[in-house]
>>> print(open('structure-v3.cif').read())   # mmCIF, N, CA and C atoms
data_protein
#
loop_
_atom_site.label_atom_id
_atom_site.label_comp_id
_atom_site.auth_asym_id
_atom_site.auth_seq_id
_atom_site.Cartn_x
_atom_site.Cartn_y
_atom_site.Cartn_z
N LYS E 13 97.41 134.33 228.64
CA LYS E 13 98.26 133.82 229.71
C LYS E 13 99.33 134.84 230.09
N GLY E 14 98.97 136.11 230.05
CA GLY E 14 99.90 137.11 230.52
C GLY E 14 100.90 137.60 229.51
N SER E 15 100.69 137.31 228.23
CA SER E 15 101.69 137.78 227.29
C SER E 15 101.15 138.77 226.27
N LYS E 16 99.94 138.60 225.81
CA LYS E 16 99.44 139.40 224.69
C LYS E 16 99.47 140.90 224.96
N HIS E 17 99.14 141.33 226.15
CA HIS E 17 99.09 142.76 226.46
C HIS E 17 100.10 143.12 227.54
N SER E 18 101.30 142.62 227.42
CA SER E 18 102.29 142.81 228.47
C SER E 18 103.39 143.79 228.05
N GLN E 19 104.14 144.24 229.02
CA GLN E 19 105.30 145.09 228.75
C GLN E 19 106.36 144.30 227.98
N VAL E 20 106.46 143.03 228.28
CA VAL E 20 107.43 142.18 227.57
C VAL E 20 107.14 142.21 226.07
N VAL E 21 105.88 142.02 225.70
CA VAL E 21 105.51 142.04 224.28
C VAL E 21 105.75 143.41 223.69
N GLN E 22 105.39 144.45 224.42
CA GLN E 22 105.60 145.80 223.91
C GLN E 22 107.06 146.04 223.59
N LEU E 23 107.96 145.64 224.46
CA LEU E 23 109.39 145.85 224.23
C LEU E 23 110.01 144.84 223.27
N ALA E 24 109.44 143.65 223.21
CA ALA E 24 110.00 142.62 222.35
C ALA E 24 109.58 142.79 220.89
N ILE E 25 108.28 143.03 220.66
CA ILE E 25 107.80 143.09 219.27
C ILE E 25 106.88 144.26 218.97
N GLY E 26 106.41 144.97 219.96
CA GLY E 26 105.53 146.10 219.72
C GLY E 26 104.11 145.66 219.44
N TYR E 27 103.30 146.61 218.98
CA TYR E 27 101.91 146.35 218.65
C TYR E 27 101.69 146.72 217.21
N GLY E 28 100.62 146.24 216.65
CA GLY E 28 100.31 146.58 215.28
C GLY E 28 100.10 145.34 214.45
N ALA E 29 100.10 145.52 213.14
CA ALA E 29 99.84 144.42 212.21
C ALA E 29 100.81 143.28 212.44
N GLY E 30 100.27 142.09 212.62
CA GLY E 30 101.11 140.91 212.77
C GLY E 30 101.59 140.63 214.18
N ALA E 31 101.36 141.55 215.10
CA ALA E 31 101.87 141.35 216.46
C ALA E 31 101.20 140.16 217.13
N ASP E 32 99.88 139.98 216.93
CA ASP E 32 99.18 138.86 217.56
C ASP E 32 99.79 137.52 217.15
N ALA E 33 100.06 137.37 215.87
CA ALA E 33 100.63 136.11 215.37
C ALA E 33 102.03 135.91 215.93
N THR E 34 102.78 136.98 216.07
CA THR E 34 104.13 136.88 216.60
C THR E 34 104.11 136.45 218.05
N VAL E 35 103.16 136.99 218.83
CA VAL E 35 103.05 136.62 220.23
C VAL E 35 102.72 135.14 220.36
N SER E 36 101.72 134.68 219.62
CA SER E 36 101.30 133.29 219.77
C SER E 36 102.36 132.31 219.28
N GLY E 37 103.25 132.76 218.41
CA GLY E 37 104.27 131.87 217.88
C GLY E 37 105.56 131.87 218.68
N ASN E 38 105.61 132.58 219.78
CA ASN E 38 106.84 132.69 220.55
C ASN E 38 106.67 132.21 221.98
N ASP E 39 107.72 131.70 222.52
CA ASP E 39 107.79 131.33 223.92
C ASP E 39 107.95 132.61 224.73
N LEU E 40 107.23 132.72 225.83
CA LEU E 40 107.28 133.93 226.64
C LEU E 40 108.69 134.20 227.17
N ARG E 41 109.44 133.17 227.49
CA ARG E 41 110.81 133.35 227.97
C ARG E 41 111.66 133.98 226.86
N ALA E 42 111.47 133.53 225.60
CA ALA E 42 112.21 134.11 224.47
C ALA E 42 111.81 135.57 224.26
N LEU E 43 110.54 135.87 224.42
CA LEU E 43 110.09 137.27 224.30
C LEU E 43 110.70 138.14 225.40
N LEU E 44 110.80 137.59 226.60
CA LEU E 44 111.43 138.32 227.70
C LEU E 44 112.88 138.65 227.36
N GLU E 45 113.61 137.69 226.85
CA GLU E 45 115.01 137.94 226.50
C GLU E 45 115.12 138.97 225.38
N LYS E 46 114.22 138.92 224.41
CA LYS E 46 114.22 139.91 223.32
C LYS E 46 113.88 141.29 223.87
N ALA E 47 112.94 141.38 224.79
CA ALA E 47 112.58 142.66 225.41
C ALA E 47 113.78 143.25 226.14
N LEU E 48 114.49 142.41 226.88
CA LEU E 48 115.68 142.88 227.60
C LEU E 48 116.77 143.34 226.64
N GLU E 49 116.95 142.59 225.57
CA GLU E 49 117.93 142.97 224.55
C GLU E 49 117.56 144.31 223.91
N ASN E 50 116.29 144.48 223.56
CA ASN E 50 115.83 145.74 222.97
C ASN E 50 115.98 146.90 223.94
N ALA E 51 115.67 146.67 225.20
CA ALA E 51 115.83 147.72 226.20
C ALA E 51 117.29 148.15 226.30
N GLU E 52 118.18 147.19 226.33
CA GLU E 52 119.61 147.50 226.42
C GLU E 52 120.10 148.27 225.20
N GLN E 53 119.63 147.91 224.02
CA GLN E 53 120.10 148.53 222.79
C GLN E 53 119.42 149.85 222.44
N HIS E 54 118.16 150.02 222.83
CA HIS E 54 117.38 151.13 222.31
C HIS E 54 116.83 152.11 223.35
N ILE E 55 117.00 151.82 224.62
CA ILE E 55 116.47 152.72 225.65
C ILE E 55 117.64 153.31 226.43
N ALA E 56 117.83 154.60 226.25
CA ALA E 56 118.96 155.27 226.90
C ALA E 56 118.74 155.43 228.40
N TRP E 57 117.53 155.76 228.81
CA TRP E 57 117.25 155.94 230.23
C TRP E 57 115.85 155.45 230.51
N CYS E 58 115.72 154.68 231.54
CA CYS E 58 114.45 154.09 231.94
C CYS E 58 114.24 154.43 233.40
N GLY E 59 113.17 155.16 233.71
CA GLY E 59 112.87 155.52 235.09
C GLY E 59 111.82 154.60 235.68
N PHE E 60 111.63 154.70 236.99
CA PHE E 60 110.68 153.85 237.71
C PHE E 60 109.83 154.69 238.64
N ALA E 61 108.53 154.45 238.61
CA ALA E 61 107.61 155.20 239.45
C ALA E 61 107.99 155.08 240.92
N GLU E 62 108.41 153.90 241.34
CA GLU E 62 108.78 153.70 242.74
C GLU E 62 110.06 154.43 243.12
N HIS E 63 110.78 154.89 242.13
CA HIS E 63 112.00 155.67 242.33
C HIS E 63 111.89 156.94 241.48
N PHE E 64 110.70 157.55 241.58
CA PHE E 64 110.37 158.66 240.70
C PHE E 64 111.36 159.81 240.81
N GLU E 65 111.72 160.17 242.04
CA GLU E 65 112.56 161.34 242.22
C GLU E 65 113.91 161.18 241.53
N GLU E 66 114.58 160.06 241.77
CA GLU E 66 115.86 159.82 241.12
C GLU E 66 115.68 159.76 239.60
N SER E 67 114.60 159.11 239.17
CA SER E 67 114.33 158.99 237.73
C SER E 67 114.19 160.35 237.07
N ILE E 68 113.41 161.24 237.66
CA ILE E 68 113.14 162.54 237.04
C ILE E 68 114.38 163.43 237.11
N PHE E 69 115.15 163.32 238.18
CA PHE E 69 116.36 164.13 238.28
C PHE E 69 117.39 163.73 237.21
N VAL E 70 117.55 162.44 236.99
CA VAL E 70 118.48 162.01 235.94
C VAL E 70 117.95 162.40 234.57
N LEU E 71 116.67 162.21 234.32
CA LEU E 71 116.10 162.59 233.03
C LEU E 71 116.25 164.09 232.79
N ALA E 72 116.00 164.89 233.80
CA ALA E 72 116.17 166.34 233.66
C ALA E 72 117.62 166.67 233.31
N HIS E 73 118.55 166.01 233.98
CA HIS E 73 119.96 166.24 233.70
C HIS E 73 120.29 165.87 232.24
N LEU E 74 119.81 164.71 231.81
CA LEU E 74 120.07 164.26 230.44
C LEU E 74 119.47 165.23 229.40
N CYS E 75 118.37 165.87 229.78
CA CYS E 75 117.71 166.82 228.86
C CYS E 75 118.24 168.25 229.01
N GLY E 76 119.18 168.44 229.92
CA GLY E 76 119.77 169.76 230.11
C GLY E 76 118.91 170.71 230.92
N LEU E 77 117.97 170.19 231.70
CA LEU E 77 117.12 171.04 232.54
C LEU E 77 117.81 171.28 233.87
N GLU E 78 117.76 172.50 234.33
CA GLU E 78 118.43 172.82 235.60
C GLU E 78 117.59 172.45 236.81
N SER E 79 116.27 172.37 236.63
CA SER E 79 115.40 172.02 237.75
C SER E 79 114.10 171.43 237.22
N VAL E 80 113.36 170.81 238.12
CA VAL E 80 112.04 170.29 237.78
C VAL E 80 111.06 170.72 238.86
N LEU E 81 109.84 170.99 238.45
CA LEU E 81 108.81 171.37 239.40
C LEU E 81 108.26 170.13 240.10
N PRO E 82 107.83 170.27 241.35
CA PRO E 82 107.20 169.12 242.02
C PRO E 82 106.00 168.65 241.20
N TRP E 83 105.82 167.37 241.13
CA TRP E 83 104.73 166.82 240.34
C TRP E 83 103.47 166.70 241.18
N GLN E 84 102.35 166.64 240.47
CA GLN E 84 101.06 166.41 241.11
C GLN E 84 100.46 165.16 240.49
N LYS E 85 99.87 164.34 241.35
CA LYS E 85 99.34 163.08 240.86
C LYS E 85 98.25 163.30 239.82
N ASP E 86 98.15 162.35 238.93
CA ASP E 86 97.17 162.35 237.87
C ASP E 86 95.93 161.65 238.41
N ASP E 87 94.83 162.36 238.51
CA ASP E 87 93.62 161.78 239.08
C ASP E 87 92.63 161.28 238.03
N ARG E 88 93.10 161.09 236.78
CA ARG E 88 92.18 160.60 235.76
C ARG E 88 91.64 159.22 236.08
N ASN E 89 92.38 158.43 236.83
CA ASN E 89 91.92 157.09 237.21
C ASN E 89 91.64 157.03 238.71
N ALA E 90 91.04 158.07 239.22
CA ALA E 90 90.84 158.19 240.67
C ALA E 90 90.01 157.04 241.24
N ARG E 91 89.13 156.45 240.45
CA ARG E 91 88.28 155.37 240.97
C ARG E 91 88.95 154.00 240.89
N ARG E 92 90.14 153.94 240.29
CA ARG E 92 90.84 152.67 240.23
C ARG E 92 91.23 152.23 241.63
N GLU E 93 90.99 150.97 241.90
CA GLU E 93 91.34 150.42 243.21
C GLU E 93 92.85 150.41 243.39
N PRO E 94 93.35 150.87 244.54
CA PRO E 94 94.79 150.75 244.77
C PRO E 94 95.17 149.29 244.99
N VAL E 95 96.38 148.94 244.67
CA VAL E 95 96.84 147.57 244.82
C VAL E 95 96.67 147.10 246.26
N SER E 96 96.83 148.01 247.20
CA SER E 96 96.71 147.64 248.61
C SER E 96 95.32 147.11 248.96
N SER E 97 94.31 147.39 248.13
CA SER E 97 92.97 146.90 248.42
C SER E 97 92.71 145.50 247.85
N LEU E 98 93.63 144.99 247.05
CA LEU E 98 93.48 143.64 246.50
C LEU E 98 93.81 142.61 247.56
N THR E 99 93.19 141.46 247.44
CA THR E 99 93.51 140.37 248.36
C THR E 99 94.86 139.77 247.98
N ALA E 100 95.43 139.04 248.89
CA ALA E 100 96.70 138.37 248.60
C ALA E 100 96.54 137.41 247.43
N ALA E 101 95.40 136.73 247.35
CA ALA E 101 95.15 135.80 246.24
C ALA E 101 95.09 136.54 244.91
N GLN E 102 94.47 137.71 244.89
CA GLN E 102 94.41 138.50 243.65
C GLN E 102 95.80 138.98 243.24
N ARG E 103 96.58 139.44 244.21
CA ARG E 103 97.95 139.89 243.89
C ARG E 103 98.79 138.72 243.39
N ASP E 104 98.64 137.55 244.03
CA ASP E 104 99.38 136.37 243.58
C ASP E 104 98.97 135.97 242.16
N LEU E 105 97.69 136.04 241.85
CA LEU E 105 97.22 135.71 240.51
C LEU E 105 97.85 136.64 239.47
N ILE E 106 97.84 137.92 239.75
CA ILE E 106 98.44 138.90 238.83
C ILE E 106 99.92 138.61 238.67
N ARG E 107 100.59 138.36 239.76
CA ARG E 107 102.03 138.09 239.71
C ARG E 107 102.33 136.81 238.93
N ASN E 108 101.50 135.80 239.09
CA ASN E 108 101.71 134.54 238.38
C ASN E 108 101.41 134.65 236.89
N VAL E 109 100.35 135.36 236.54
CA VAL E 109 100.00 135.50 235.13
C VAL E 109 101.02 136.37 234.40
N PHE E 110 101.45 137.43 235.05
CA PHE E 110 102.38 138.37 234.42
C PHE E 110 103.81 138.20 234.93
N TRP E 111 104.21 136.97 235.20
CA TRP E 111 105.53 136.70 235.76
C TRP E 111 106.63 137.30 234.90
N ALA E 112 106.47 137.27 233.58
CA ALA E 112 107.53 137.78 232.70
C ALA E 112 107.67 139.29 232.85
N ASP E 113 106.55 140.00 233.00
CA ASP E 113 106.63 141.44 233.22
C ASP E 113 107.32 141.76 234.54
N PHE E 114 107.04 140.97 235.56
CA PHE E 114 107.70 141.18 236.85
C PHE E 114 109.20 140.91 236.73
N GLU E 115 109.57 139.88 235.98
CA GLU E 115 111.00 139.60 235.79
C GLU E 115 111.66 140.71 234.98
N LEU E 116 110.98 141.18 233.94
CA LEU E 116 111.49 142.31 233.15
C LEU E 116 111.71 143.51 234.06
N TYR E 117 110.73 143.81 234.87
CA TYR E 117 110.82 144.93 235.82
C TYR E 117 112.03 144.74 236.74
N ASP E 118 112.15 143.56 237.33
CA ASP E 118 113.25 143.31 238.27
C ASP E 118 114.61 143.50 237.60
N ARG E 119 114.75 143.02 236.39
CA ARG E 119 116.05 143.11 235.71
C ARG E 119 116.35 144.53 235.26
N LEU E 120 115.33 145.24 234.77
CA LEU E 120 115.56 146.64 234.40
C LEU E 120 115.78 147.50 235.64
N LEU E 121 115.11 147.16 236.74
CA LEU E 121 115.33 147.88 238.00
C LEU E 121 116.76 147.68 238.49
N ALA E 122 117.28 146.48 238.38
CA ALA E 122 118.67 146.22 238.78
C ALA E 122 119.62 147.08 237.94
N ARG E 123 119.35 147.19 236.66
CA ARG E 123 120.16 148.04 235.76
C ARG E 123 120.08 149.50 236.22
N PHE E 124 118.87 149.96 236.51
CA PHE E 124 118.64 151.31 236.98
C PHE E 124 119.40 151.57 238.28
N GLN E 125 119.26 150.67 239.24
CA GLN E 125 119.91 150.84 240.54
C GLN E 125 121.43 150.85 240.41
N SER E 126 121.95 150.05 239.52
CA SER E 126 123.39 150.04 239.27
C SER E 126 123.84 151.40 238.75
N LYS E 127 123.06 151.97 237.86
CA LYS E 127 123.43 153.27 237.30
C LYS E 127 123.33 154.38 238.33
N ILE E 128 122.24 154.41 239.10
CA ILE E 128 122.11 155.53 240.05
C ILE E 128 123.05 155.38 241.24
N ALA E 129 123.50 154.16 241.54
CA ALA E 129 124.46 153.97 242.63
C ALA E 129 125.77 154.70 242.35
N ALA E 130 126.07 154.88 241.07
CA ALA E 130 127.32 155.55 240.69
C ALA E 130 127.14 157.06 240.56
N MET E 131 125.93 157.56 240.84
CA MET E 131 125.65 158.99 240.68
C MET E 131 125.61 159.69 242.02
N THR E 132 125.87 160.98 241.98
CA THR E 132 125.76 161.82 243.16
C THR E 132 124.63 162.82 242.93
N PHE E 133 123.69 162.85 243.87
CA PHE E 133 122.57 163.77 243.77
C PHE E 133 122.77 164.90 244.77
N SER E 134 122.30 166.09 244.41
CA SER E 134 122.41 167.23 245.32
C SER E 134 121.33 167.15 246.39
N GLU E 135 121.40 168.05 247.34
CA GLU E 135 120.38 168.11 248.40
C GLU E 135 119.01 168.47 247.83
N ASP E 136 118.97 168.94 246.59
CA ASP E 136 117.71 169.25 245.93
C ASP E 136 116.82 168.02 245.81
N LEU E 137 117.43 166.85 245.71
CA LEU E 137 116.65 165.62 245.58
C LEU E 137 115.78 165.39 246.81
N GLU E 138 116.35 165.57 247.99
CA GLU E 138 115.57 165.35 249.21
C GLU E 138 114.47 166.40 249.34
N ALA E 139 114.74 167.63 248.97
CA ALA E 139 113.72 168.68 249.00
C ALA E 139 112.59 168.34 248.03
N TYR E 140 112.96 167.86 246.86
CA TYR E 140 111.96 167.47 245.86
C TYR E 140 111.12 166.30 246.38
N ARG E 141 111.77 165.33 247.01
CA ARG E 141 111.07 164.17 247.57
C ARG E 141 110.02 164.64 248.59
N LYS E 142 110.39 165.57 249.45
CA LYS E 142 109.46 166.09 250.46
C LYS E 142 108.32 166.86 249.81
N ALA E 143 108.62 167.63 248.77
CA ALA E 143 107.59 168.42 248.09
C ALA E 143 106.55 167.54 247.41
N CYS E 144 106.95 166.35 247.01
CA CYS E 144 106.05 165.44 246.28
C CYS E 144 105.39 164.40 247.18
N ALA E 145 105.80 164.30 248.41
CA ALA E 145 105.39 163.19 249.28
C ALA E 145 103.88 163.02 249.38
N SER E 146 103.12 164.09 249.39
CA SER E 146 101.67 163.97 249.56
C SER E 146 100.95 163.52 248.29
N GLN E 147 101.66 163.40 247.19
CA GLN E 147 101.03 163.05 245.92
C GLN E 147 100.95 161.55 245.65
N TYR E 148 101.60 160.74 246.47
CA TYR E 148 101.62 159.31 246.22
C TYR E 148 100.34 158.65 246.66
N LYS E 149 99.89 157.70 245.85
CA LYS E 149 98.70 156.94 246.18
C LYS E 149 99.03 155.47 246.34
N ASP E 150 99.79 154.93 245.41
CA ASP E 150 99.89 153.48 245.34
C ASP E 150 101.28 153.03 244.90
N ARG E 151 102.28 153.31 245.70
CA ARG E 151 103.62 152.83 245.38
C ARG E 151 103.73 151.36 245.70
N ILE E 152 104.35 150.62 244.81
CA ILE E 152 104.52 149.19 245.03
C ILE E 152 106.01 148.88 245.04
N ILE E 153 106.53 148.54 246.18
CA ILE E 153 107.90 148.04 246.25
C ILE E 153 107.81 146.78 247.09
N SER E 154 108.09 145.66 246.46
CA SER E 154 107.94 144.39 247.15
C SER E 154 109.08 143.46 246.77
N ASP E 155 109.55 142.73 247.75
CA ASP E 155 110.60 141.76 247.49
C ASP E 155 110.03 140.35 247.31
N SER E 156 108.69 140.23 247.40
CA SER E 156 108.13 138.90 247.31
C SER E 156 108.09 138.40 245.87
N PRO E 157 108.73 137.26 245.62
CA PRO E 157 108.76 136.70 244.27
C PRO E 157 107.43 136.05 243.92
N PRO E 158 107.15 135.88 242.64
CA PRO E 158 105.93 135.18 242.26
C PRO E 158 105.98 133.74 242.78
N THR E 159 104.80 133.20 243.04
CA THR E 159 104.74 131.85 243.61
C THR E 159 104.77 130.77 242.55
N ASN E 160 104.54 131.12 241.29
CA ASN E 160 104.49 130.10 240.25
C ASN E 160 104.97 130.68 238.94
N ARG E 161 105.72 129.90 238.16
CA ARG E 161 106.12 130.34 236.81
C ARG E 161 105.79 129.25 235.88
#
>>> encode(input="structure-v3.cif", output="structure tokens")
Amino acid sequence: KGSKHSQVVQLAIGYGAGADATVSGNDLRALLEKALENAEQHIAWCGFAEHFEESIFVLAHLCGLESVLPWQKDDRNARREPVSSLTAAQRDLIRNVFWADFELYDRLLARFQSKIAAMTFSEDLEAYRKACASQYKDRIISDSPPTNR
């Protein structure tokens, strides 16, 4: 039901011996709160693919790198269907089953946006954005909430 192989479970309890029993014995809402708590306590910086440029610039800064090279998309999953090819019903099903992952994403994204709003980026960011523009295949930025929880 959207919990055993989710980001929420990964951040809340991890994988390995005993993880299956822990997942089945917990409420998904409680796992979501634990995942958020763990992220706050143990993750110094969390980037987002949909905000890749800002994410990589901050990470480079934190690592003491003066610059980053434009990235090239990873084509190892080239035959994977892009989200844009899914029907609305398929997207709704995914959103409904993995509602906790979407909520985790939304809350961590809000944290990310709050942090980058207080930062100043150089003009290098826009140049980097242009250099990488042709590499995007399937960015997902949507304000539509799940239809069922």
>>> closest_residue(input="structure-v3.cif", among="E:Ile55, E:Leu116, E:Val20, E:Tyr140", to="Val80 in chain E", atoms="all atoms listed in the file")
E:Tyr140
>>> closest_residue(input="structure-v3.cif", among="E:Glu66, E:Asp113, E:Asp39, E:Glu52", to="Thr132 in chain E", atoms="only C-alpha atoms")
E:Glu66
>>> atom_distance(input="structure-v3.cif", atom1="atom C of Cys75 in chain E", atom2="atom C of Ala24 in chain E")
28.1 Å
>>> atom_distance(input="structure-v3.cif", atom1="CA of Met131 in chain E", atom2="CA of Leu44 in chain E")
28.2 Å
>>> resolve_selection(input="structure-v3.cif", expression="the PyMOL selection byres (((chain E and resi 69 and name CA) around 10) and name CA)", output="compact mmCIF listing (two decimals) with N, CA and C atoms, keeping the file's coordinate frame")
# COMPACT_ATOMS: atom_id res chain seq x y z
N GLY E 59 113.17 155.16 233.71
CA GLY E 59 112.87 155.52 235.09
C GLY E 59 111.82 154.60 235.68
N PHE E 64 110.70 157.55 241.58
CA PHE E 64 110.37 158.66 240.70
C PHE E 64 111.36 159.81 240.81
N GLU E 65 111.72 160.17 242.04
CA GLU E 65 112.56 161.34 242.22
C GLU E 65 113.91 161.18 241.53
N GLU E 66 114.58 160.06 241.77
CA GLU E 66 115.86 159.82 241.12
C GLU E 66 115.68 159.76 239.60
N SER E 67 114.60 159.11 239.17
CA SER E 67 114.33 158.99 237.73
C SER E 67 114.19 160.35 237.07
N ILE E 68 113.41 161.24 237.66
CA ILE E 68 113.14 162.54 237.04
C ILE E 68 114.38 163.43 237.11
N VAL E 70 117.55 162.44 236.99
CA VAL E 70 118.48 162.01 235.94
C VAL E 70 117.95 162.40 234.57
N LEU E 71 116.67 162.21 234.32
CA LEU E 71 116.10 162.59 233.03
C LEU E 71 116.25 164.09 232.79
N ALA E 72 116.00 164.89 233.80
CA ALA E 72 116.17 166.34 233.66
C ALA E 72 117.62 166.67 233.31
N HIS E 73 118.55 166.01 233.98
CA HIS E 73 119.96 166.24 233.70
C HIS E 73 120.29 165.87 232.24
N LEU E 74 119.81 164.71 231.81
CA LEU E 74 120.07 164.26 230.44
C LEU E 74 119.47 165.23 229.40
N CYS E 75 118.37 165.87 229.78
CA CYS E 75 117.71 166.82 228.86
C CYS E 75 118.24 168.25 229.01
N LEU E 77 117.97 170.19 231.70
CA LEU E 77 117.12 171.04 232.54
C LEU E 77 117.81 171.28 233.87
N GLU E 78 117.76 172.50 234.33
CA GLU E 78 118.43 172.82 235.60
C GLU E 78 117.59 172.45 236.81
N SER E 79 116.27 172.37 236.63
CA SER E 79 115.40 172.02 237.75
C SER E 79 114.10 171.43 237.22
N VAL E 80 113.36 170.81 238.12
CA VAL E 80 112.04 170.29 237.78
C VAL E 80 111.06 170.72 238.86
N PHE E 133 123.69 162.85 243.87
CA PHE E 133 122.57 163.77 243.77
C PHE E 133 122.77 164.90 244.77
N SER E 134 122.30 166.09 244.41
CA SER E 134 122.41 167.23 245.32
C SER E 134 121.33 167.15 246.39
N ASP E 136 118.97 168.94 246.59
CA ASP E 136 117.71 169.25 245.93
C ASP E 136 116.82 168.02 245.81
N LEU E 137 117.43 166.85 245.71
CA LEU E 137 116.65 165.62 245.58
C LEU E 137 115.78 165.39 246.81
N TYR E 140 112.96 167.86 246.86
CA TYR E 140 111.96 167.47 245.86
C TYR E 140 111.12 166.30 246.38
>>> atom_distance(input="structure-v3.cif", atom1="atom C of Leu120 in chain E", atom2="CA of Arg91 in chain E")
29.1 Å
>>> build_atoms(input="structure-v3.cif", residues="range 126-133 of chain E", atoms="all heavy atoms", output="PDB file, in the coordinates of the input")
ATOM      1  N   SER E 126     121.950 150.050 239.520  1.00  0.00           N
ATOM      2  CA  SER E 126     123.390 150.040 239.270  1.00  0.00           C
ATOM      3  C   SER E 126     123.840 151.400 238.750  1.00  0.00           C
ATOM      4  O   SER E 126     124.889 151.918 239.167  1.00  0.00           O
ATOM      5  CB  SER E 126     123.717 148.937 238.277  1.00  0.00           C
ATOM      6  OG  SER E 126     125.023 149.060 237.820  1.00  0.00           O
ATOM      7  N   LYS E 127     123.060 151.970 237.860  1.00  0.00           N
ATOM      8  CA  LYS E 127     123.430 153.270 237.300  1.00  0.00           C
ATOM      9  C   LYS E 127     123.330 154.380 238.330  1.00  0.00           C
ATOM     10  O   LYS E 127     124.216 155.225 238.433  1.00  0.00           O
ATOM     11  CB  LYS E 127     122.569 153.586 236.079  1.00  0.00           C
ATOM     12  CG  LYS E 127     122.916 152.750 234.870  1.00  0.00           C
ATOM     13  CD  LYS E 127     122.083 153.144 233.669  1.00  0.00           C
ATOM     14  CE  LYS E 127     122.495 152.347 232.454  1.00  0.00           C
ATOM     15  NZ  LYS E 127     121.849 152.827 231.232  1.00  0.00           N
ATOM     16  N   ILE E 128     122.240 154.410 239.100  1.00  0.00           N
ATOM     17  CA  ILE E 128     122.110 155.530 240.050  1.00  0.00           C
ATOM     18  C   ILE E 128     123.050 155.380 241.240  1.00  0.00           C
ATOM     19  O   ILE E 128     123.384 156.375 241.879  1.00  0.00           O
ATOM     20  CB  ILE E 128     120.655 155.765 240.518  1.00  0.00           C
ATOM     21  CG1 ILE E 128     120.106 154.590 241.310  1.00  0.00           C
ATOM     22  CG2 ILE E 128     119.760 156.136 239.362  1.00  0.00           C
ATOM     23  CD1 ILE E 128     118.821 154.929 242.051  1.00  0.00           C
ATOM     24  N   ALA E 129     123.500 154.160 241.540  1.00  0.00           N
ATOM     25  CA  ALA E 129     124.460 153.970 242.630  1.00  0.00           C
ATOM     26  C   ALA E 129     125.770 154.700 242.350  1.00  0.00           C
ATOM     27  O   ALA E 129     126.474 155.102 243.280  1.00  0.00           O
ATOM     28  CB  ALA E 129     124.717 152.487 242.856  1.00  0.00           C
ATOM     29  N   ALA E 130     126.070 154.880 241.070  1.00  0.00           N
ATOM     30  CA  ALA E 130     127.320 155.550 240.690  1.00  0.00           C
ATOM     31  C   ALA E 130     127.140 157.060 240.560  1.00  0.00           C
ATOM     32  O   ALA E 130     128.094 157.768 240.237  1.00  0.00           O
ATOM     33  CB  ALA E 130     127.819 154.976 239.364  1.00  0.00           C
ATOM     34  N   MET E 131     125.930 157.560 240.840  1.00  0.00           N
ATOM     35  CA  MET E 131     125.650 158.990 240.680  1.00  0.00           C
ATOM     36  C   MET E 131     125.610 159.690 242.020  1.00  0.00           C
ATOM     37  O   MET E 131     125.340 159.079 243.043  1.00  0.00           O
ATOM     38  CB  MET E 131     124.302 159.170 239.978  1.00  0.00           C
ATOM     39  CG  MET E 131     124.251 158.611 238.595  1.00  0.00           C
ATOM     40  SD  MET E 131     122.570 158.789 237.924  1.00  0.00           S
ATOM     41  CE  MET E 131     122.753 157.916 236.389  1.00  0.00           C
ATOM     42  N   THR E 132     125.870 160.980 241.980  1.00  0.00           N
ATOM     43  CA  THR E 132     125.760 161.820 243.160  1.00  0.00           C
ATOM     44  C   THR E 132     124.630 162.820 242.930  1.00  0.00           C
ATOM     45  O   THR E 132     124.617 163.518 241.916  1.00  0.00           O
ATOM     46  CB  THR E 132     127.076 162.591 243.414  1.00  0.00           C
ATOM     47  OG1 THR E 132     128.144 161.637 243.525  1.00  0.00           O
ATOM     48  CG2 THR E 132     126.982 163.430 244.658  1.00  0.00           C
ATOM     49  N   PHE E 133     123.690 162.850 243.870  1.00  0.00           N
ATOM     50  CA  PHE E 133     122.570 163.770 243.770  1.00  0.00           C
ATOM     51  C   PHE E 133     122.770 164.900 244.770  1.00  0.00           C
ATOM     52  O   PHE E 133     123.303 164.696 245.855  1.00  0.00           O
ATOM     53  CB  PHE E 133     121.252 163.055 244.071  1.00  0.00           C
ATOM     54  CG  PHE E 133     120.878 162.022 243.050  1.00  0.00           C
ATOM     55  CD1 PHE E 133     121.251 160.695 243.212  1.00  0.00           C
ATOM     56  CD2 PHE E 133     120.172 162.366 241.918  1.00  0.00           C
ATOM     57  CE1 PHE E 133     120.917 159.734 242.268  1.00  0.00           C
ATOM     58  CE2 PHE E 133     119.823 161.419 240.974  1.00  0.00           C
ATOM     59  CZ  PHE E 133     120.198 160.099 241.146  1.00  0.00           C
TER      60      PHE E 133
END
